[in-house]
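**Student:** Structure: entry.tsv, TSV, C-alpha atoms.
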```
chain	number	residue	atom	x	y	z
A	1	MET	CA	-2.95	19.78	-14.52
A	2	SER	CA	-0.75	16.83	-15.38
A	3	VAL	CA	2.94	17.46	-15.27
A	4	ASP	CA	5.39	15.51	-17.38
A	5	HIS	CA	7.85	13.71	-15.15
A	6	SER	CA	10.45	13.03	-17.83
A	7	THR	CA	12.98	15.10	-15.94
A	8	ASP	CA	12.56	13.02	-12.80
A	9	SER	CA	14.99	10.17	-13.20
A	10	HIS	CA	18.44	10.75	-14.59
A	11	GLY	CA	20.61	9.55	-11.79
A	12	HIS	CA	20.67	7.11	-9.01
A	13	GLU	CA	17.07	6.26	-8.12
A	14	HIS	CA	16.47	6.97	-4.48
A	15	PRO	CA	13.21	5.89	-2.85
A	16	LYS	CA	11.68	9.28	-2.18
A	17	HIS	CA	10.40	8.51	1.28
A	18	GLU	CA	14.03	7.91	2.30
A	19	LEU	CA	15.16	11.38	1.30
A	20	SER	CA	16.07	13.87	3.99
A	21	ALA	CA	13.63	16.61	4.89
A	22	VAL	CA	15.63	19.13	2.89
A	23	ALA	CA	16.26	16.92	-0.14
A	24	ARG	CA	12.61	16.08	-0.69
A	25	ARG	CA	11.68	19.75	-0.93
A	26	VAL	CA	13.25	19.95	-4.37
A	27	TYR	CA	10.32	17.96	-5.79
A	28	ALA	CA	7.78	20.34	-4.31
A	29	ILE	CA	9.77	23.33	-5.55
A	30	ARG	CA	10.00	21.85	-9.03
A	31	GLU	CA	6.29	21.14	-9.25
A	32	LEU	CA	5.36	24.63	-8.06
A	33	LEU	CA	7.78	26.37	-10.42
A	34	LEU	CA	6.31	24.41	-13.33
A	35	GLU	CA	2.72	25.03	-12.26
A	36	LYS	CA	3.35	28.76	-11.97
A	37	GLY	CA	5.16	28.89	-15.30
A	38	VAL	CA	8.36	30.18	-13.73
A	39	LEU	CA	10.23	27.36	-15.43
A	40	SER	CA	9.22	24.88	-18.07
A	41	GLU	CA	10.05	21.21	-18.41
A	42	HIS	CA	12.16	22.22	-21.38
A	43	ASP	CA	14.18	24.68	-19.26
A	44	ILE	CA	15.01	21.97	-16.77
A	45	ARG	CA	15.72	19.32	-19.39
A	46	CYS	CA	18.07	21.68	-21.23
A	47	GLN	CA	20.13	22.18	-18.11
A	48	ILE	CA	20.34	18.45	-17.46
A	49	GLU	CA	21.51	17.87	-21.03
A	50	TYR	CA	23.92	20.80	-20.92
A	51	GLN	CA	25.51	19.32	-17.82
A	52	GLU	CA	25.64	15.78	-19.19
A	53	ALA	CA	27.52	17.02	-22.26
A	54	ARG	CA	30.27	18.44	-20.13
A	55	SER	CA	33.04	16.29	-18.73
A	56	PRO	CA	36.82	16.07	-18.41
A	57	VAL	CA	36.85	14.51	-21.89
A	58	ASN	CA	36.52	18.07	-23.24
A	59	GLY	CA	39.48	19.27	-21.23
A	60	ALA	CA	41.58	16.31	-22.31
A	61	LYS	CA	40.91	17.11	-25.98
A	62	ILE	CA	42.02	20.69	-25.47
A	63	VAL	CA	45.18	19.72	-23.61
A	64	ALA	CA	46.14	16.97	-26.05
A	65	ARG	CA	45.77	19.39	-28.94
A	66	ALA	CA	47.91	21.96	-27.12
A	67	TRP	CA	50.58	19.33	-26.56
A	68	THR	CA	50.80	18.35	-30.21
A	69	ASP	CA	50.21	21.73	-31.87
A	70	PRO	CA	52.36	24.60	-30.54
A	71	ALA	CA	50.41	27.21	-32.53
A	72	TYR	CA	47.18	25.96	-30.96
A	73	LYS	CA	48.75	26.12	-27.53
A	74	THR	CA	49.67	29.77	-28.13
A	75	ARG	CA	46.10	30.53	-29.20
A	76	LEU	CA	44.75	28.62	-26.22
A	77	ILE	CA	46.71	30.62	-23.72
A	78	ALA	CA	45.96	33.94	-25.44
A	79	ASP	CA	42.20	33.36	-25.82
A	80	PRO	CA	40.99	30.14	-24.22
A	81	LYS	CA	37.31	30.56	-25.12
A	82	ALA	CA	38.07	31.02	-28.83
A	83	ALA	CA	40.49	28.09	-28.81
A	84	CYS	CA	37.83	25.87	-27.20
A	85	LEU	CA	35.33	26.88	-29.83
A	86	GLU	CA	37.81	25.75	-32.52
A	87	LEU	CA	37.35	22.25	-31.09
A	88	GLY	CA	33.58	22.63	-30.82
A	89	ILE	CA	33.67	23.14	-27.08
A	90	ASP	CA	31.40	25.92	-25.87
A	91	ALA	CA	32.90	27.84	-22.97
A	92	THR	CA	30.89	31.01	-23.52
A	93	SER	CA	29.21	30.77	-20.12
A	94	ILE	CA	32.56	31.45	-18.46
A	95	ASN	CA	33.02	35.16	-17.80
A	96	GLU	CA	36.78	35.07	-17.88
A	97	PHE	CA	38.72	31.95	-18.72
A	98	VAL	CA	42.43	31.56	-17.95
A	99	VAL	CA	44.65	28.62	-18.84
A	100	LEU	CA	47.58	28.03	-16.49
A	101	GLU	CA	50.52	26.34	-18.16
A	102	ASN	CA	52.54	23.94	-16.03
A	103	MET	CA	56.27	23.81	-16.68
A	104	GLU	CA	59.26	21.83	-15.51
A	105	LYS	CA	59.80	24.20	-12.62
A	106	VAL	CA	56.25	25.51	-12.12
A	107	ARG	CA	53.02	23.80	-11.10
A	108	HIS	CA	49.62	25.41	-10.72
A	109	MET	CA	46.79	24.24	-8.51
A	110	VAL	CA	43.24	25.61	-8.46
A	111	VAL	CA	40.74	25.93	-5.63
A	112	CYS	CA	37.72	27.99	-4.64
A	113	THR	CA	38.09	28.39	-0.88
A	114	LEU	CA	34.84	30.35	-0.54
A	115	CYS	CA	32.56	27.89	-2.32
A	116	SER	CA	33.25	25.56	-5.27
A	117	CYS	CA	33.81	27.66	-8.39
A	118	TYR	CA	35.04	25.38	-11.14
A	119	PRO	CA	35.26	25.49	-14.95
A	120	ARG	CA	32.01	23.51	-15.32
A	121	ALA	CA	31.53	24.57	-18.92
A	122	ILE	CA	34.66	22.60	-19.83
A	123	LEU	CA	35.06	19.90	-17.20
A	124	GLY	CA	31.50	19.32	-16.02
A	125	ARG	CA	30.70	19.06	-12.33
A	126	PRO	CA	33.54	19.30	-9.83
A	127	PRO	CA	34.49	16.14	-7.92
A	128	ASP	CA	33.23	15.80	-4.35
A	129	TRP	CA	36.74	16.26	-2.98
A	130	TYR	CA	37.15	19.63	-4.70
A	131	LYS	CA	34.08	20.88	-2.82
A	132	SER	CA	35.19	19.45	0.52
A	133	PHE	CA	36.17	21.61	3.47
A	134	ASN	CA	39.46	19.78	3.82
A	135	TYR	CA	40.52	20.67	0.29
A	136	ARG	CA	39.31	24.24	0.55
A	137	GLN	CA	41.15	24.71	3.85
A	138	ARG	CA	44.46	23.05	3.03
A	139	SER	CA	44.98	23.85	-0.63
A	140	VAL	CA	45.97	27.46	0.04
A	141	SER	CA	48.11	26.94	3.13
A	142	ASP	CA	49.69	23.56	2.37
A	143	PRO	CA	49.29	22.72	-1.31
A	144	ARG	CA	52.28	20.38	-1.38
A	145	SER	CA	50.72	18.09	1.20
A	146	VAL	CA	47.57	17.99	-0.90
A	147	MET	CA	49.57	17.10	-3.99
A	148	ARG	CA	51.35	14.36	-2.03
A	149	GLU	CA	47.95	12.83	-1.24
A	150	PHE	CA	47.31	12.69	-4.95
A	151	GLY	CA	50.69	11.09	-5.57
A	152	LEU	CA	52.60	14.16	-6.67
A	153	ASN	CA	55.85	14.79	-4.78
A	154	LEU	CA	57.58	17.92	-5.94
A	155	PRO	CA	61.13	18.99	-5.08
A	156	ASP	CA	61.65	22.38	-3.51
A	157	ASP	CA	63.09	23.87	-6.70
A	158	VAL	CA	59.68	23.60	-8.38
A	159	GLU	CA	57.46	26.60	-7.73
A	160	VAL	CA	53.90	25.78	-6.65
A	161	ARG	CA	51.29	28.44	-7.44
A	162	VAL	CA	47.87	28.04	-5.93
A	163	HIS	CA	45.02	30.00	-7.52
A	164	ASP	CA	42.00	30.81	-5.38
A	165	SER	CA	39.24	31.52	-7.90
A	166	THR	CA	37.26	33.94	-5.78
A	167	ALA	CA	35.60	35.91	-8.54
A	168	ASP	CA	34.73	35.66	-12.25
A	169	ILE	CA	37.88	33.90	-13.42
A	170	ARG	CA	37.73	30.18	-14.11
A	171	TYR	CA	40.99	28.31	-14.41
A	172	LEU	CA	42.13	25.25	-16.34
A	173	VAL	CA	45.56	23.82	-15.68
A	174	LEU	CA	47.50	22.75	-18.76
A	175	PRO	CA	49.53	19.82	-17.43
A	176	LEU	CA	53.05	19.07	-18.63
A	177	ARG	CA	53.32	16.56	-21.42
A	178	PRO	CA	54.99	13.48	-19.94
A	179	LYS	CA	58.32	12.45	-21.41
A	180	GLY	CA	58.41	9.57	-23.87
A	181	THR	CA	54.94	10.22	-25.29
A	182	GLU	CA	56.05	11.43	-28.72
A	183	ASN	CA	54.64	8.39	-30.49
A	184	LEU	CA	51.24	8.28	-28.83
A	185	SER	CA	48.09	8.99	-30.81
A	186	ALA	CA	45.77	11.85	-29.84
A	187	ALA	CA	43.36	9.36	-28.29
A	188	GLU	CA	46.15	7.82	-26.21
A	189	LEU	CA	47.39	11.23	-25.12
A	190	GLU	CA	43.89	12.16	-24.03
A	191	ARG	CA	43.88	9.15	-21.71
A	192	LEU	CA	46.90	10.53	-19.88
A	193	ILE	CA	45.11	13.78	-19.12
A	194	THR	CA	43.04	13.21	-16.02
A	195	ARG	CA	40.52	15.62	-14.57
A	196	ASP	CA	42.71	15.95	-11.49
A	197	SER	CA	45.69	16.97	-13.61
A	198	MET	CA	43.60	19.84	-15.03
A	199	ILE	CA	42.78	20.99	-11.49
A	200	GLY	CA	46.49	20.72	-10.76
A	201	VAL	CA	46.67	18.34	-7.79
A	202	MET	CA	48.61	15.87	-9.89
A	203	ASP	CA	50.55	15.68	-13.15
A	204	ALA	CA	49.25	13.88	-16.23
A	205	LEU	CA	49.67	10.10	-16.15
A	206	PRO	CA	53.11	8.95	-17.35
A	207	GLU	CA	51.66	6.15	-19.44
A	208	VAL	CA	48.34	5.03	-20.85
A	209	PRO	CA	46.40	3.14	-18.16
A	210	LYS	CA	45.63	-0.53	-18.91
B	211	MET	CA	38.27	46.30	-21.51
B	212	ASN	CA	39.66	49.63	-20.43
B	213	GLU	CA	42.94	48.85	-18.71
B	214	SER	CA	43.83	52.51	-18.55
B	215	THR	CA	41.27	53.03	-15.83
B	216	ALA	CA	42.97	50.41	-13.66
B	217	LYS	CA	44.53	51.96	-10.58
B	218	PHE	CA	47.34	49.42	-10.29
B	219	LYS	CA	49.81	48.06	-12.82
B	220	PRO	CA	51.26	44.57	-13.19
B	221	GLY	CA	54.22	44.23	-10.87
B	222	GLU	CA	52.97	46.88	-8.48
B	223	ARG	CA	52.95	46.01	-4.77
B	224	VAL	CA	49.51	46.19	-3.18
B	225	ARG	CA	48.09	45.52	0.26
B	226	VAL	CA	44.72	43.90	0.75
B	227	ARG	CA	42.50	45.92	3.07
B	228	PHE	CA	41.81	44.49	6.44
B	229	GLU	CA	38.14	45.19	6.74
B	230	ASP	CA	35.63	43.27	8.74
B	231	ARG	CA	32.26	44.23	7.38
B	232	PRO	CA	29.05	42.38	6.70
B	233	GLY	CA	27.82	41.43	3.28
B	234	HIS	CA	28.69	39.09	0.47
B	235	ILE	CA	32.45	39.56	0.33
B	236	ARG	CA	34.68	37.66	-2.10
B	237	THR	CA	37.97	38.66	-0.46
B	238	PRO	CA	38.97	35.65	1.64
B	239	TRP	CA	39.72	36.29	5.30
B	240	TYR	CA	43.18	34.74	5.13
B	241	ILE	CA	44.45	37.30	2.60
B	242	ARG	CA	43.15	40.46	4.26
B	243	GLY	CA	45.96	42.69	5.42
B	244	LYS	CA	48.54	40.85	3.29
B	245	THR	CA	50.83	42.40	0.71
B	246	GLY	CA	51.44	41.00	-2.76
B	247	SER	CA	52.14	41.99	-6.36
B	248	VAL	CA	49.68	42.56	-9.14
B	249	GLU	CA	50.11	39.79	-11.70
B	250	ARG	CA	47.33	40.51	-14.08
B	251	ILE	CA	44.51	42.96	-14.72
B	252	HIS	CA	41.35	41.15	-15.74
B	253	GLY	CA	39.19	44.10	-16.53
B	254	GLU	CA	35.86	45.21	-15.13
B	255	PHE	CA	33.24	42.95	-13.64
B	256	LEU	CA	29.94	43.40	-11.87
B	257	ASN	CA	30.43	43.88	-8.13
B	258	PRO	CA	29.43	40.68	-6.28
B	259	GLU	CA	28.82	42.66	-3.09
B	260	SER	CA	25.95	44.37	-4.87
B	261	LEU	CA	24.75	41.32	-6.82
B	262	GLY	CA	24.61	39.21	-3.68
B	263	HIS	CA	21.88	41.40	-2.25
B	264	GLY	CA	19.82	41.74	-5.41
B	265	GLY	CA	21.61	44.83	-6.67
B	266	ASP	CA	22.60	45.40	-10.28
B	267	GLY	CA	26.33	45.04	-9.60
B	268	LEU	CA	27.14	48.54	-10.81
B	269	PRO	CA	29.43	50.29	-10.96
B	270	LYS	CA	31.68	47.55	-12.26
B	271	LYS	CA	34.97	47.05	-10.45
B	272	ILE	CA	38.38	46.17	-11.81
B	273	LEU	CA	39.49	42.65	-10.93
B	274	TYR	CA	43.16	41.74	-10.42
B	275	SER	CA	45.07	38.54	-9.89
B	276	VAL	CA	47.46	39.35	-7.05
B	277	ALA	CA	50.37	37.04	-6.23
B	278	PHE	CA	51.57	36.59	-2.66
B	279	GLN	CA	54.67	34.84	-1.34
B	280	GLN	CA	53.31	31.93	0.67
B	281	GLY	CA	55.86	32.69	3.36
B	282	GLU	CA	54.27	36.13	3.81
B	283	VAL	CA	50.74	34.78	4.15
B	284	TRP	CA	51.20	31.95	6.65
B	285	GLU	CA	53.19	31.85	9.83
B	286	ARG	CA	54.83	28.64	8.77
B	287	TYR	CA	55.48	27.91	5.14
B	288	ASP	CA	58.68	26.16	4.26
B	289	VAL	CA	59.22	26.53	0.51
B	290	THR	CA	60.42	30.06	-0.29
B	291	GLN	CA	59.34	30.35	-3.87
B	292	ASP	CA	55.75	29.11	-3.64
B	293	LYS	CA	53.02	31.61	-4.42
B	294	LEU	CA	49.36	32.12	-3.70
B	295	VAL	CA	47.41	33.95	-6.39
B	296	VAL	CA	44.05	35.43	-5.41
B	297	ASP	CA	41.55	37.29	-7.57
B	298	ILE	CA	40.78	40.55	-5.79
B	299	PHE	CA	38.68	43.58	-6.65
B	300	GLU	CA	40.29	46.98	-6.83
B	301	HIS	CA	38.27	48.45	-3.97
B	302	TRP	CA	39.92	45.94	-1.64
B	303	LEU	CA	43.46	47.03	-2.57
B	304	ASP	CA	45.69	49.88	-1.49
B	305	PRO	CA	49.20	50.76	-2.65
B	306	ALA	CA	51.68	49.01	-0.36
B	307	ASN	CA	53.74	51.85	1.02
C	308	MET	CA	31.58	40.60	12.65
C	309	ALA	CA	33.22	37.24	12.39
C	310	ARG	CA	34.76	35.36	9.55
C	311	GLY	CA	31.99	33.61	7.57
C	312	HIS	CA	31.58	29.87	8.03
C	313	HIS	CA	32.16	29.44	4.31
C	314	ASP	CA	35.45	31.37	4.38
C	315	VAL	CA	37.62	28.40	5.22
C	316	GLY	CA	40.90	28.95	3.36
C	317	GLY	CA	43.85	28.23	5.64
C	318	LEU	CA	41.85	27.13	8.68
C	319	ALA	CA	43.69	24.63	10.85
C	320	GLY	CA	42.49	21.15	11.68
C	321	ALA	CA	41.68	19.93	8.19
C	322	GLY	CA	42.15	16.22	7.67
C	323	PRO	CA	43.03	14.05	4.68
C	324	ILE	CA	41.06	14.60	1.51
C	325	ASP	CA	38.41	11.97	0.92
C	326	GLN	CA	38.75	11.18	-2.77
C	327	SER	CA	35.68	8.98	-3.01
C	328	GLN	CA	33.01	10.12	-5.42
C	329	HIS	CA	29.31	9.51	-4.99
C	330	GLU	CA	27.10	9.06	-7.99
C	331	LEU	CA	24.61	11.89	-8.09
C	332	ALA	CA	21.09	11.00	-6.98
C	333	ASP	CA	18.00	12.08	-8.94
C	334	TRP	CA	17.23	14.81	-6.50
C	335	GLU	CA	20.75	16.23	-6.73
C	336	ILE	CA	20.68	16.34	-10.52
C	337	LEU	CA	17.29	18.01	-10.30
C	338	ALA	CA	18.49	20.55	-7.73
C	339	ASP	CA	21.43	21.37	-9.98
C	340	ALA	CA	19.25	21.72	-13.07
C	341	ILE	CA	16.59	23.87	-11.41
C	342	ASN	CA	19.27	26.09	-9.93
C	343	GLN	CA	20.99	26.55	-13.28
C	344	ALA	CA	17.65	27.14	-15.03
C	345	LEU	CA	16.74	29.87	-12.53
C	346	GLY	CA	20.09	31.47	-13.30
C	347	ALA	CA	19.66	31.16	-17.05
C	348	LYS	CA	16.30	32.93	-16.78
C	349	GLY	CA	17.81	35.74	-14.72
C	350	ILE	CA	15.59	34.90	-11.76
C	351	ARG	CA	18.51	34.67	-9.42
C	352	ARG	CA	22.15	35.68	-9.61
C	353	THR	CA	24.89	33.26	-8.62
C	354	ASP	CA	26.04	35.75	-6.00
C	355	GLU	CA	22.58	35.83	-4.41
C	356	LEU	CA	22.68	32.10	-3.98
C	357	ARG	CA	26.15	32.29	-2.47
C	358	ARG	CA	25.09	35.09	-0.14
C	359	VAL	CA	22.11	33.09	1.12
C	360	ARG	CA	24.33	30.08	1.74
C	361	GLU	CA	26.77	32.29	3.67
C	362	GLU	CA	23.96	33.67	5.80
C	363	MET	CA	22.73	30.23	6.81
C	364	GLU	CA	23.06	29.30	10.44
C	365	SER	CA	26.41	27.64	11.02
C	366	ASP	CA	24.87	24.43	12.34
C	367	ALA	CA	22.59	24.16	9.36
C	368	TYR	CA	25.45	24.88	6.96
C	369	GLN	CA	27.74	22.28	8.49
C	370	GLY	CA	25.00	19.69	8.82
C	371	MET	CA	23.78	19.70	5.26
C	372	SER	CA	25.28	18.02	2.26
C	373	TYR	CA	26.36	20.07	-0.76
C	374	TYR	CA	23.13	19.82	-2.74
C	375	GLU	CA	20.99	20.09	0.38
C	376	ARG	CA	22.59	23.50	0.91
C	377	TRP	CA	21.71	24.40	-2.67
C	378	ILE	CA	18.09	23.39	-2.18
C	379	ALA	CA	17.82	25.30	1.08
C	380	SER	CA	19.42	28.37	-0.52
C	381	MET	CA	17.23	28.15	-3.58
C	382	GLU	CA	14.13	27.97	-1.41
C	383	THR	CA	15.25	31.00	0.59
C	384	ILE	CA	15.77	33.04	-2.57
C	385	LEU	CA	12.45	32.00	-4.06
C	386	LEU	CA	10.77	33.07	-0.81
C	387	GLU	CA	12.74	36.34	-0.66
C	388	LYS	CA	11.67	37.16	-4.19
C	389	LYS	CA	8.09	36.17	-3.36
C	390	ILE	CA	8.00	33.65	-6.18
C	391	LEU	CA	6.91	30.90	-3.83
C	392	THR	CA	5.75	30.81	-0.21
C	393	ARG	CA	6.84	28.40	2.47
C	394	ASP	CA	3.22	27.36	2.95
C	395	GLU	CA	2.86	26.38	-0.69
C	396	ILE	CA	6.02	24.30	-0.58
C	397	ASP	CA	4.99	22.61	2.66
C	398	ARG	CA	1.54	21.80	1.27
C	399	LYS	CA	2.87	20.49	-2.02
C	400	LEU	CA	5.39	18.37	-0.18
C	401	ALA	CA	2.66	16.95	2.05
C	402	GLU	CA	0.72	15.94	-1.09
C	403	PHE	CA	3.78	14.15	-2.45
C	404	GLU	CA	4.53	12.45	0.81
C	405	LYS	CA	1.08	10.90	0.82
C	406	LYS	CA	1.92	9.31	-2.53
C	407	TRP	CA	5.47	8.29	-1.64
C	408	GLY	CA	4.43	6.56	1.58
C	409	GLU	CA	6.43	3.59	2.77
C	410	PRO	CA	7.48	0.56	0.67
```
Hey, can you dump this file as C-alpha cells for me?

**Tutor:**
Amino acid sequence: MSVDHSTDSHGHEHPKHELSAVARRVYAIRELLLEKGVLSEHDIRCQIEYQEARSPVNGAKIVARAWTDPAYKTRLIADPKAACLELGIDATSINEFVVLENMEKVRHMVVCTLCSCYPRAILGRPPDWYKSFNYRQRSVSDPRSVMREFGLNLPDDVEVRVHDSTADIRYLVLPLRPKGTENLSAAELERLITRDSMIGVMDALPEVPK
Amino acid sequence: MNESTAKFKPGERVRVRFEDRPGHIRTPWYIRGKTGSVERIHGEFLNPESLGHGGDGLPKKILYSVAFQQGEVWERYDVTQDKLVVDIFEHWLDPAN
Amino acid sequence: MARGHHDVGGLAGAGPIDQSQHELADWEILADAINQALGAKGIRRTDELRRVREEMESDAYQGMSYYERWIASMETILLEKKILTRDEIDRKLAEFEKKWGEP
C-alpha cells in the first residue's frame, strides 16, 4: 500500500540516518498508524496546519486592540475566548482561558513547572526556554532574577505574581502599554508586543524595533 | 458552572495537603503543606489523577487559583509583596485553621 | 514515594536561562502533529501522556530532548492501549533504516 508522504517535510530537513534512536521511531509509528487506519494523512496534515496558523502575532493583535479600545479590554478580561473570536482567533481548544492584566505596580509571569502548559491556541508553540528545567525551577522561587535575565528590572514596590498553570487554566499576560505610544498605528503597536511580554518575563518594547 | 458547590470562597485561607502518594498529581511538591488565600473559583474540571491512568476523570473536581505570599513558600524570599498563584483542586485543600 | 523528576518548581541549582531557539526538525513537527491528532481523536488524553512521561526512568527523562520524550511517551501509550506492538514498530523501523542507509 503506498502511503502519501506529503506530511513528511515541513521543517528543517534532517538526514534520517542521523536521527537518534528515539527520534527515528516517529516515522515507524506514523506509518503504522496510517496503515492501521488509526489516523489518516488528513488528520496529521490538519494538525500541522493548525499549529502553523498559531503564533504570537495573534496575541499581539489581541493586546493591541485591548490597548486602544477600553471596551474591548473589558470584554477580553471578562471572557477571553469570546473576545478572541471577535478578532477571528479561535481559542476554543482552551478549557479555561484567563487574561492577566499588568499594571504600573503589578506584573504577572506564567510558567508550567510540571511540564510546559502554554496557551498554544493563541501563541503557537512555546519557546524552548519556557520548557527548560532552569525556567521551570527558578520562575516560581526567584521570578525577579528571571525577569532581569530578560532585561526587566523591577523596583520592590511593584508586585510580581507568578502563575503556575498546573491544571486546565491557560494564561495570557496583557502587558502594559508603553508611555508615548499614543500616536502609533495598530500595526506599530503590535510590533511592541513580543511573545515574551505575553508570557510576562518582560514588558512590551518601549519603541518600534528598527 | 455551579459555584455554590464550591467548598471555599474567594479570600478564604486554605492549606494545601501534604500528601506523598503515587499517581499523576498536579499539585506541585513545593506548594504542599503551604497556606494561601483563594483568589478565584474556576469551576469543575475532570480529575487529572483519574484521566492520567485511563479513567474518565469523574467525578469532576472544583479548581481554584490560590495565592501564596512568596515569603511563606520559600525560606528566603526578599520582596514582601510578591505572590505565587497556583491552580489547585479542591481535594488537595483544607481550611487553614 | 519521592518527588517526581518532572516536579521541578523551586529546586536549587538552576542556571541561567538559555534563550536560544532551535528551528523544529521534520521529526519534531511530525511528533507534535501525531500527538495532537491522537488527542483530537480521543485516543489518548493529555494527562495520560503526562503520566507516562512522569513514570519514565529518571535517566531516560533527563537524557532525552523535549520531543524525544513525547515520542517515547506516545509509543508507551500506544503499546499500553494495544494499538501497536513494540515488535511492529521495531520491524517497521528496520525496513526504513534499510532505505535510509548512509549518504

**Student:** Quick one: which chain C residues come within 9 Å of chain B, and what is the nearest atom pair for each with the distance in Å to one decimal, counting all atoms listed in the file, rows ordered by chain and ascending number, as a tab-separated table?

**Tutor:**
```
residue	atom	partner	partner_atom	distance
C:Met308	CA	B:Asp230	CA	6.2
C:Ala309	CA	B:Asp230	CA	7.4
C:Arg310	CA	B:Trp239	CA	6.6
C:Gly311	CA	B:Trp239	CA	8.5
C:Asp314	CA	B:Pro238	CA	6.2
C:Val315	CA	B:Trp239	CA	8.2
C:Gly316	CA	B:Tyr240	CA	6.5
C:Gly317	CA	B:Tyr240	CA	6.6
C:Leu318	CA	B:Tyr240	CA	8.5
C:Arg351	CA	B:Gly264	CA	8.2
C:Arg352	CA	B:Leu261	CA	6.8
C:Thr353	CA	B:Gly262	CA	7.7
C:Asp354	CA	B:Gly262	CA	4.4
C:Glu355	CA	B:Gly262	CA	4.0
C:Leu356	CA	B:Gly262	CA	7.4
C:Arg357	CA	B:Gly262	CA	7.2
C:Arg358	CA	B:His234	CA	5.4
C:Val359	CA	B:Gly262	CA	8.2
C:Glu361	CA	B:His234	CA	7.8
C:Glu362	CA	B:His234	CA	9.0
```

**Student:** With a distance threshold of 8 Å and counting all atoms listed in the file, extract the residues of chain A near chain C and express them as a ChimeraX atom specification.

**Tutor:** /A:7-14,16-17,22-30,32,39,43-45,47-48,113-115,127-129,132-141,146,149

**Student:** Could you jot down the atom CA of Arg177 of chain A to atom CA of Glu96 of chain A separation for me, Å, one decimal place?

**Tutor:** 25.1 Å

**Student:** May I have the residues within 8 Å of segment 205-209 of chain A as a PyMOL selection string, using only C-alpha atoms and disregarding those fewer than 3 positions away in the same chain?

**Tutor:** chain A and resi 178-179+181+188-189+191-194

**Student:** When you draw a straight line from atom CA of Ala306 of chain B to atom CA of Lys271 of chain B, how long is it in Å?

**Tutor:**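 Taking atom CA of Ala306 of chain B as the start and atom CA of Lys271 of chain B as the end point, the length is 19.6 Å.
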
**Student:** Would you compute the distance between atom CA of Pro175 of chain A and atom CA of Ala91 of chain A? Give it in Å to one decimal.

**Tutor:**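 A separation of 19.3 Å between them.
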
**Student:** Near chain A, which residues of chain B fall within 12 Å when you count only C-alpha atoms, and what do they look like as a PyMOL selection string?

**Tutor:** chain B and resi 211+234-241+249-259+271-299

**Student:** Could you take the residues named above and write them with C-alpha atoms, as a CSV table (one decimal), in the frame of the given file?

**Tutor:**
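Done, and the output landed in out-v5.csv:
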```csv
chain,number,residue,atom,x,y,z
B,211,MET,CA,38.3,46.3,-21.5
B,234,HIS,CA,28.7,39.1,0.5
B,235,ILE,CA,32.4,39.6,0.3
B,236,ARG,CA,34.7,37.7,-2.1
B,237,THR,CA,38.0,38.7,-0.5
B,238,PRO,CA,39.0,35.6,1.6
B,239,TRP,CA,39.7,36.3,5.3
B,240,TYR,CA,43.2,34.7,5.1
B,241,ILE,CA,44.4,37.3,2.6
B,249,GLU,CA,50.1,39.8,-11.7
B,250,ARG,CA,47.3,40.5,-14.1
B,251,ILE,CA,44.5,43.0,-14.7
B,252,HIS,CA,41.4,41.2,-15.7
B,253,GLY,CA,39.2,44.1,-16.5
B,254,GLU,CA,35.9,45.2,-15.1
B,255,PHE,CA,33.2,43.0,-13.6
B,256,LEU,CA,29.9,43.4,-11.9
B,257,ASN,CA,30.4,43.9,-8.1
B,258,PRO,CA,29.4,40.7,-6.3
B,259,GLU,CA,28.8,42.7,-3.1
B,271,LYS,CA,35.0,47.0,-10.4
B,272,ILE,CA,38.4,46.2,-11.8
B,273,LEU,CA,39.5,42.6,-10.9
B,274,TYR,CA,43.2,41.7,-10.4
B,275,SER,CA,45.1,38.5,-9.9
B,276,VAL,CA,47.5,39.4,-7.0
B,277,ALA,CA,50.4,37.0,-6.2
B,278,PHE,CA,51.6,36.6,-2.7
B,279,GLN,CA,54.7,34.8,-1.3
B,280,GLN,CA,53.3,31.9,0.7
B,281,GLY,CA,55.9,32.7,3.4
B,282,GLU,CA,54.3,36.1,3.8
B,283,VAL,CA,50.7,34.8,4.2
B,284,TRP,CA,51.2,32.0,6.6
B,285,GLU,CA,53.2,31.8,9.8
B,286,ARG,CA,54.8,28.6,8.8
B,287,TYR,CA,55.5,27.9,5.1
B,288,ASP,CA,58.7,26.2,4.3
B,289,VAL,CA,59.2,26.5,0.5
B,290,THR,CA,60.4,30.1,-0.3
B,291,GLN,CA,59.3,30.4,-3.9
B,292,ASP,CA,55.8,29.1,-3.6
B,293,LYS,CA,53.0,31.6,-4.4
B,294,LEU,CA,49.4,32.1,-3.7
B,295,VAL,CA,47.4,34.0,-6.4
B,296,VAL,CA,44.0,35.4,-5.4
B,297,ASP,CA,41.6,37.3,-7.6
B,298,ILE,CA,40.8,40.6,-5.8
B,299,PHE,CA,38.7,43.6,-6.6
```

**Student:** Near Ala187 of chain A, within 9 Å and counting only C-alpha atoms, which residues show up once chain neighbours fewer than 3 positions away are dropped, as a PyMOL selection string?

**Tutor:** chain A and resi 61+64+184+190-191

**Student:** For the residues selected in the previous step, produce a file with C-alpha atoms as a PDB file, in the coordinates of the input.

**Tutor:**
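Generated output (again27.pdb):
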```pdb
ATOM      1  CA  LYS A  61      40.910  17.110 -25.980  1.00  0.00           C
ATOM      2  CA  ALA A  64      46.140  16.970 -26.050  1.00  0.00           C
ATOM      3  CA  LEU A 184      51.240   8.280 -28.830  1.00  0.00           C
ATOM      4  CA  GLU A 190      43.890  12.160 -24.030  1.00  0.00           C
ATOM      5  CA  ARG A 191      43.880   9.150 -21.710  1.00  0.00           C
TER       6      ARG A 191
END
```

**Student:** Env of Arg120 of chain A: 8 Å cut, atoms = all atoms listed in the file, seq-sep filter 5 positions within chain, self excluded. Answer as a PyMOL selection string.

**Tutor:** chain A and resi 54+125-126
